[in-house]
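For reference, the structure discussed in these notes is given below.
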Amino acid sequence: MTTKTWGPGALAALLLLTSVELVVFLEVSIVNVALPAMGAALALADTGLAWVVNAYQLTFGGFQLAGGRAADVFGRRRMFQAGIALFTAGSLLCGLAPDAGTLLAGRAVQGVGAALVVPAELALLSAIFTEPAAYRRAFGVWSAMAAAGAGSGVALGGILTETAGWPWIFLINVPIGLAALAASPRLLPADRPPAARGGTGGPRFDLLGALTGTGSLLAMVFVASELPTRGWDALTGAATAVTVVLAVAFRAHQRRHPQPILPPALLRRREVGAGTVANALVGAAHVPAFVLLSLMLQEAMGYSAIAAGFAVLPIAAVNMVTARTVVPWAAGRFGTRAVLAAGMGLLALGLAGYAAFLHPGAGFLTAVLPSSVAFAVGLPAVFVGSTASAVRAAPEEQRGTASGLLNTAQRLGASLGVTGALMASAAWTASHGGTTGALADGLRIGFAVAAGLAVLGVLCALTMFTRHRADTATAPVQRRGALQR
């Protein structure tokens, strides 16, 4: 099933893909408000509670590269379904968890499922919407749901925790997952035969490459997650060494394998390489903003957890409207390169506004909301600009791999960005007495760091991406057969 228009079948497929995307990204932040209730129910200390968040982030970020390649080798719809099945099973395990170990295991399974789903979704979008204008619109809606999920998770988590209990922040995913599994065979295009997906005799899955690459990514995300609280100690030092050793082994193996998990020729495509760098900067700039804003609102400005969740809802609302209207038009009129540059500029403006105007006595309407609107308008622009043209620049049979690469870069950028922003903030706060005012100033430094990364994103867009004619910026790339070494 492919389409050049917004027919009923295409819209139904888009609804399925975006609904799953919303749920997957809700899980990034929905647990935050429920952590105290989980800790009381399951006797989890602060370290254990941190791993309720980190277990999902770790596997979500670490398995996407392998998940993308698996979509190319085993089939996009098949891996989408496998990912939903794992995510739903992990959600059920979390919701019924009798102890902390079961909860953490369920969160890890959720993350693996999400890592299979996201690259498959991106590849499916490019297969369903083959005409550039339709693809831009579909991709804008898809990216809006990702940002909306991350932005509204805190508010939804607070409502569910107070009205139904913390297990329901997980159990609510189960009927959604089952419905998606039931609908996917009817709404999504069937997978092509193996021989049609590239490579002599069909594609092969590079297991050793997946193990070394995923292992290196997992260790890297672990280091980024633990550095803000542990600093450099024996554990983070050992994990850094594991990261380097496995990365070297991955690189050496990729050079020898006839069908590597990350084909070197794919990276040599300018749009894919530029998209990888841009996605890392997008993650490093926008994800810390949600963490820093939550801390600023609650710990420096006195908001309750639920009030802080509702305070960020305008970001989700403006983001969804912009993604549905302005961004597809701008991409068609000016091209994705210009959209990415403008979006990163708006992110930088919003983050700089947070850094300049947020303090313990600041008002919501005068300080929080204006910066949030600029930030929210920029979000869908950077998602579309950094990813849409890069995915379409990859050969048809490698778009799952390209999607996994781009999303891996974004998750790694997010982990490193959060680590850097929190460490800079904590260093300032500790050196200035640890008062509320010092905390607010430290968080403002974190916003400034994120704003600087967004400015680098502007430079990346203007210097690394190809200047396209606006009406062909996301035009399909004809199949040229499988990329070889």
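All residue names refer to the structure tokens as shown: chains lettered A, B, ... in order, residues numbered from 1 in each chain, ligands numbered from 1 in order.
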I'd like the contact shell of Leu379 (chain A) - 12 Å cut-off, only C-alpha atoms, skipping same-chain residues fewer than 3 positions apart - returned as a short mmCIF file (atom, residue, chain, number, x, y, z; two decimals) with N, CA, C and O atoms, in the first residue's frame.
data_model
loop_
_atom_site.label_atom_id
_atom_site.label_comp_id
_atom_site.auth_asym_id
_atom_site.auth_seq_id
_atom_site.Cartn_x
_atom_site.Cartn_y
_atom_site.Cartn_z
N GLY A 140 5.38 15.27 9.50
CA GLY A 140 5.12 16.33 10.47
C GLY A 140 4.18 15.88 11.58
O GLY A 140 4.41 16.15 12.76
N VAL A 141 3.13 15.16 11.21
CA VAL A 141 2.20 14.64 12.22
C VAL A 141 2.90 13.63 13.11
O VAL A 141 2.75 13.64 14.34
N SER A 143 6.12 13.32 13.85
CA SER A 143 7.08 13.96 14.76
C SER A 143 6.37 14.76 15.84
O SER A 143 6.85 14.86 16.97
N ALA A 144 5.20 15.35 15.51
CA ALA A 144 4.45 16.09 16.52
C ALA A 144 3.99 15.17 17.64
O ALA A 144 3.99 15.55 18.81
N MET A 145 3.60 13.96 17.29
CA MET A 145 3.14 13.03 18.32
C MET A 145 4.28 12.62 19.25
O MET A 145 4.06 12.42 20.45
N ALA A 146 5.48 12.51 18.70
CA ALA A 146 6.62 12.20 19.55
C ALA A 146 6.86 13.30 20.57
O ALA A 146 7.02 13.05 21.77
N ALA A 147 6.88 14.54 20.11
CA ALA A 147 7.10 15.67 21.03
C ALA A 147 5.93 15.83 21.99
O ALA A 147 6.12 16.16 23.16
N ALA A 148 4.70 15.60 21.50
CA ALA A 148 3.53 15.71 22.37
C ALA A 148 3.58 14.66 23.47
O ALA A 148 3.22 14.94 24.63
N ALA A 150 6.31 13.27 24.81
CA ALA A 150 7.32 13.67 25.79
C ALA A 150 6.85 14.87 26.62
O ALA A 150 7.13 14.96 27.82
N GLY A 151 6.10 15.80 25.99
CA GLY A 151 5.70 17.01 26.68
C GLY A 151 4.50 16.85 27.59
O GLY A 151 4.36 17.59 28.56
N VAL A 282 19.91 17.88 17.86
CA VAL A 282 18.50 18.04 18.23
C VAL A 282 18.23 17.40 19.59
O VAL A 282 17.60 18.00 20.47
N GLY A 283 18.72 16.17 19.78
CA GLY A 283 18.53 15.51 21.07
C GLY A 283 19.23 16.24 22.20
O GLY A 283 18.67 16.42 23.28
N ALA A 285 19.90 19.36 22.44
CA ALA A 285 19.34 20.68 22.73
C ALA A 285 17.95 20.60 23.33
O ALA A 285 17.64 21.33 24.28
N HIS A 286 17.07 19.71 22.81
CA HIS A 286 15.68 19.79 23.25
C HIS A 286 15.34 18.92 24.45
O HIS A 286 14.50 19.30 25.27
N VAL A 287 15.96 17.74 24.58
CA VAL A 287 15.60 16.87 25.71
C VAL A 287 16.01 17.48 27.06
O VAL A 287 15.23 17.45 28.01
N ALA A 289 15.93 20.46 27.87
CA ALA A 289 15.00 21.53 28.18
C ALA A 289 13.85 21.04 29.05
O ALA A 289 13.43 21.71 30.01
N ILE A 315 3.48 23.57 25.28
CA ILE A 315 4.51 23.12 24.33
C ILE A 315 3.94 22.03 23.44
O ILE A 315 4.10 22.05 22.21
N ALA A 316 3.25 21.05 24.06
CA ALA A 316 2.67 19.97 23.27
C ALA A 316 1.60 20.49 22.32
O ALA A 316 1.53 20.09 21.15
N ALA A 317 0.74 21.41 22.80
CA ALA A 317 -0.37 21.91 21.98
C ALA A 317 0.14 22.71 20.78
O ALA A 317 -0.27 22.49 19.64
N VAL A 318 1.04 23.66 21.03
CA VAL A 318 1.58 24.48 19.94
C VAL A 318 2.36 23.62 18.96
O VAL A 318 2.28 23.81 17.74
N ASN A 319 3.11 22.66 19.48
CA ASN A 319 3.88 21.76 18.64
C ASN A 319 2.99 21.00 17.67
O ASN A 319 3.28 20.89 16.48
N MET A 320 1.86 20.49 18.15
CA MET A 320 0.98 19.70 17.30
C MET A 320 0.36 20.56 16.20
O MET A 320 0.25 20.15 15.05
N VAL A 321 -0.06 21.78 16.56
CA VAL A 321 -0.66 22.66 15.56
C VAL A 321 0.37 23.05 14.50
O VAL A 321 0.11 23.03 13.29
N THR A 322 1.56 23.40 14.94
CA THR A 322 2.61 23.81 14.01
C THR A 322 3.00 22.68 13.08
O THR A 322 3.20 22.88 11.88
N ALA A 323 3.11 21.48 13.63
CA ALA A 323 3.50 20.33 12.82
C ALA A 323 2.46 20.01 11.75
O ALA A 323 2.80 19.53 10.66
N VAL A 326 2.15 24.66 9.68
CA VAL A 326 3.25 25.51 9.22
C VAL A 326 4.41 24.70 8.66
O VAL A 326 4.96 25.03 7.59
N VAL A 327 4.80 23.64 9.36
CA VAL A 327 6.02 22.92 8.97
C VAL A 327 5.89 22.25 7.60
O VAL A 327 6.80 22.39 6.76
N VAL A 339 14.10 24.69 6.88
CA VAL A 339 13.22 24.39 8.01
C VAL A 339 14.04 23.99 9.23
O VAL A 339 13.76 24.42 10.36
N LEU A 340 15.07 23.15 9.03
CA LEU A 340 15.92 22.75 10.15
C LEU A 340 16.64 23.95 10.74
O LEU A 340 16.69 24.11 11.97
N ALA A 341 17.21 24.81 9.90
CA ALA A 341 17.93 25.98 10.40
C ALA A 341 16.99 26.90 11.19
O ALA A 341 17.34 27.37 12.28
N ALA A 342 15.79 27.14 10.65
CA ALA A 342 14.83 27.99 11.36
C ALA A 342 14.38 27.34 12.66
O ALA A 342 14.27 28.02 13.70
N GLY A 343 14.15 26.03 12.63
CA GLY A 343 13.72 25.34 13.85
C GLY A 343 14.77 25.38 14.94
O GLY A 343 14.46 25.63 16.12
N MET A 344 16.04 25.14 14.57
CA MET A 344 17.11 25.20 15.57
C MET A 344 17.26 26.62 16.10
O MET A 344 17.55 26.83 17.29
N GLY A 345 17.05 27.62 15.23
CA GLY A 345 17.10 29.00 15.69
C GLY A 345 16.00 29.30 16.70
O GLY A 345 16.23 29.99 17.72
N LEU A 346 14.79 28.77 16.46
CA LEU A 346 13.69 28.96 17.41
C LEU A 346 13.95 28.22 18.72
O LEU A 346 13.62 28.72 19.80
N LEU A 347 14.51 27.01 18.63
CA LEU A 347 14.91 26.31 19.87
C LEU A 347 15.90 27.15 20.66
O LEU A 347 15.77 27.29 21.89
N ALA A 348 16.90 27.69 19.98
CA ALA A 348 17.90 28.51 20.66
C ALA A 348 17.25 29.73 21.29
O ALA A 348 17.57 30.11 22.43
N LEU A 349 16.28 30.35 20.58
CA LEU A 349 15.58 31.51 21.13
C LEU A 349 14.79 31.15 22.38
O LEU A 349 14.84 31.86 23.40
N GLY A 350 14.05 30.05 22.32
CA GLY A 350 13.28 29.63 23.49
C GLY A 350 14.16 29.27 24.67
O GLY A 350 13.89 29.66 25.82
N LEU A 351 15.23 28.54 24.42
CA LEU A 351 16.15 28.14 25.50
C LEU A 351 16.86 29.36 26.09
O LEU A 351 17.05 29.45 27.31
N SER A 372 8.30 29.19 25.91
CA SER A 372 7.75 27.88 25.58
C SER A 372 7.15 27.87 24.18
O SER A 372 7.25 26.87 23.45
N VAL A 373 6.50 28.97 23.80
CA VAL A 373 5.90 29.04 22.46
C VAL A 373 6.98 29.01 21.38
O VAL A 373 6.87 28.27 20.39
N ALA A 374 8.05 29.79 21.55
CA ALA A 374 9.15 29.76 20.58
C ALA A 374 9.76 28.35 20.50
O ALA A 374 10.02 27.84 19.40
N PHE A 375 9.97 27.75 21.64
CA PHE A 375 10.53 26.41 21.71
C PHE A 375 9.60 25.42 21.00
O PHE A 375 10.05 24.56 20.22
N ALA A 376 8.28 25.54 21.25
CA ALA A 376 7.32 24.60 20.69
C ALA A 376 7.19 24.73 19.18
O ALA A 376 7.01 23.73 18.48
N VAL A 382 12.56 21.00 13.72
CA VAL A 382 13.85 20.32 13.81
C VAL A 382 13.70 18.82 13.61
O VAL A 382 14.58 18.17 13.03
N PHE A 383 12.57 18.25 14.04
CA PHE A 383 12.36 16.82 13.81
C PHE A 383 12.24 16.53 12.32
O PHE A 383 12.87 15.60 11.79
N VAL A 384 11.42 17.31 11.63
CA VAL A 384 11.23 17.10 10.19
C VAL A 384 12.52 17.41 9.44
O VAL A 384 12.97 16.64 8.57
N GLY A 385 13.15 18.54 9.76
CA GLY A 385 14.34 18.95 9.03
C GLY A 385 15.52 18.03 9.21
O GLY A 385 16.30 17.81 8.27
N SER A 386 15.69 17.45 10.39
CA SER A 386 16.86 16.61 10.65
C SER A 386 16.70 15.18 10.15
O SER A 386 17.69 14.47 9.96
N ALA A 454 21.87 24.33 20.32
CA ALA A 454 20.91 24.63 19.26
C ALA A 454 21.53 25.54 18.20
O ALA A 454 21.26 25.39 17.01
#
message: Just want the 7 Å neighbourhood of Leu65 (chain A), counted on only C-alpha atoms, with same-chain residues fewer than 5 positions away dropped. Output as a PyMOL selection string.
response: chain A and resi 401+404-405+408
- request: Determine which residues of region 261-485 of chain A receive a DSSP assignment of alpha helix (DSSP H), computed from the backbone, and state them as number ranges by chain.
  value: A: 264-268, 270-295, 305-311, 313-324, 326-334, 336-357, 369-393, 399-431, 436-464
query: If we count only C-alpha atoms, what is near region 359-371 of chain A at a cut-off of 9 Å, once residues fewer than 2 positions away on the same chain are taken out, given as a PyMOL selection string?
result: chain A and resi 296-297+299-302+311-312+314-315+349-357+373-376+436-437+440-441+444
message: Given only C-alpha atoms as the basis, pick out the residue of A:Ile169, A:Asp99, A:Val242, A:Ala234 nearest to Gly153 (chain A).
response: A:Ile169
field: For Arg137 (chain A): contacts at 12 Å, only C-alpha atoms, fewer than 5 positions along chain excluded, given as a ChimeraX atom specification
entry: /A:4-6,10-11,14,125-126,129-132,142-144,320-332,380-381,384,388,474
field: Surrounding residues of Ala409 (chain A) excluding itself and chain neighbours under 6 positions, 6 Å, only C-alpha atoms, as a PyMOL selection string
entry: chain A and resi 276+279-280
query: Got a sec: who's within 7 Å of region 49-54 of chain A, counting only C-alpha atoms, leaving out chain neighbours fewer than 3 positions off, as a PyMOL selection string?
result: chain A and resi 35+39+44-46+57-58+104+107+225
Would you write out those residues with all heavy atoms, as a compact mmCIF listing (two decimals), in the first residue's frame?
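Final output, saved to again-v6.txt:
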# COMPACT_ATOMS: atom_id res chain seq x y z
N LEU A 35 6.96 8.41 40.58
CA LEU A 35 8.11 7.79 41.26
C LEU A 35 7.95 7.70 42.78
O LEU A 35 8.26 6.66 43.37
CB LEU A 35 9.40 8.55 40.89
CG LEU A 35 9.88 8.38 39.45
CD1 LEU A 35 11.10 9.25 39.19
CD2 LEU A 35 10.20 6.93 39.14
N GLY A 39 8.06 4.19 44.80
CA GLY A 39 9.05 3.96 45.85
C GLY A 39 8.40 3.48 47.14
O GLY A 39 8.90 2.55 47.80
N LEU A 44 11.54 1.17 47.06
CA LEU A 44 12.65 1.59 46.20
C LEU A 44 13.29 2.85 46.77
O LEU A 44 12.61 3.84 47.04
CB LEU A 44 12.14 1.88 44.79
CG LEU A 44 12.08 0.72 43.80
CD1 LEU A 44 11.30 1.14 42.56
CD2 LEU A 44 13.48 0.28 43.41
N ALA A 45 14.60 2.81 46.94
CA ALA A 45 15.34 4.00 47.35
C ALA A 45 15.53 4.91 46.14
O ALA A 45 15.16 4.58 45.02
CB ALA A 45 16.68 3.60 47.95
N ASP A 46 16.15 6.07 46.35
CA ASP A 46 16.33 7.03 45.27
C ASP A 46 17.10 6.45 44.10
O ASP A 46 16.78 6.70 42.93
CB ASP A 46 17.06 8.28 45.79
CG ASP A 46 16.16 9.13 46.67
OD1 ASP A 46 14.94 8.89 46.68
OD2 ASP A 46 16.68 10.04 47.35
N GLN A 57 15.32 4.37 29.18
CA GLN A 57 16.19 5.18 28.33
C GLN A 57 17.37 4.37 27.80
O GLN A 57 17.79 4.53 26.64
CB GLN A 57 16.71 6.39 29.12
CG GLN A 57 15.63 7.36 29.58
CD GLN A 57 15.24 8.35 28.50
OE1 GLN A 57 15.27 8.04 27.33
NE2 GLN A 57 14.88 9.55 28.91
N LEU A 58 17.90 3.50 28.65
CA LEU A 58 19.10 2.73 28.29
C LEU A 58 18.80 1.80 27.11
O LEU A 58 19.51 1.80 26.09
CB LEU A 58 19.57 1.92 29.50
CG LEU A 58 20.88 1.17 29.39
CD1 LEU A 58 22.05 2.14 29.33
CD2 LEU A 58 21.06 0.23 30.58
N LEU A 104 11.74 -3.05 37.12
CA LEU A 104 12.89 -2.63 36.31
C LEU A 104 13.05 -3.51 35.08
O LEU A 104 13.38 -3.01 33.99
CB LEU A 104 14.16 -2.65 37.15
CG LEU A 104 14.19 -1.67 38.34
CD1 LEU A 104 15.51 -1.79 39.09
CD2 LEU A 104 13.98 -0.24 37.87
N ARG A 107 10.52 -2.36 32.57
CA ARG A 107 10.93 -1.11 31.92
C ARG A 107 11.97 -1.37 30.83
O ARG A 107 11.95 -0.74 29.77
CB ARG A 107 11.48 -0.13 32.95
CG ARG A 107 10.43 0.48 33.84
CD ARG A 107 9.56 1.45 33.08
NE ARG A 107 10.23 2.75 32.89
CZ ARG A 107 9.78 3.70 32.09
NH1 ARG A 107 8.68 3.51 31.38
NH2 ARG A 107 10.43 4.85 31.99
N SER A 225 23.96 8.35 31.84
CA SER A 225 22.90 8.35 32.84
C SER A 225 23.45 8.46 34.26
O SER A 225 22.83 9.08 35.13
CB SER A 225 22.06 7.07 32.73
OG SER A 225 21.46 6.97 31.45
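Across A:Leu416, A:Ala123, A:Ala265, A:Val391, the tightest approach to Met220 (chain A) is made by A:Leu416 when counting only C-alpha atoms.
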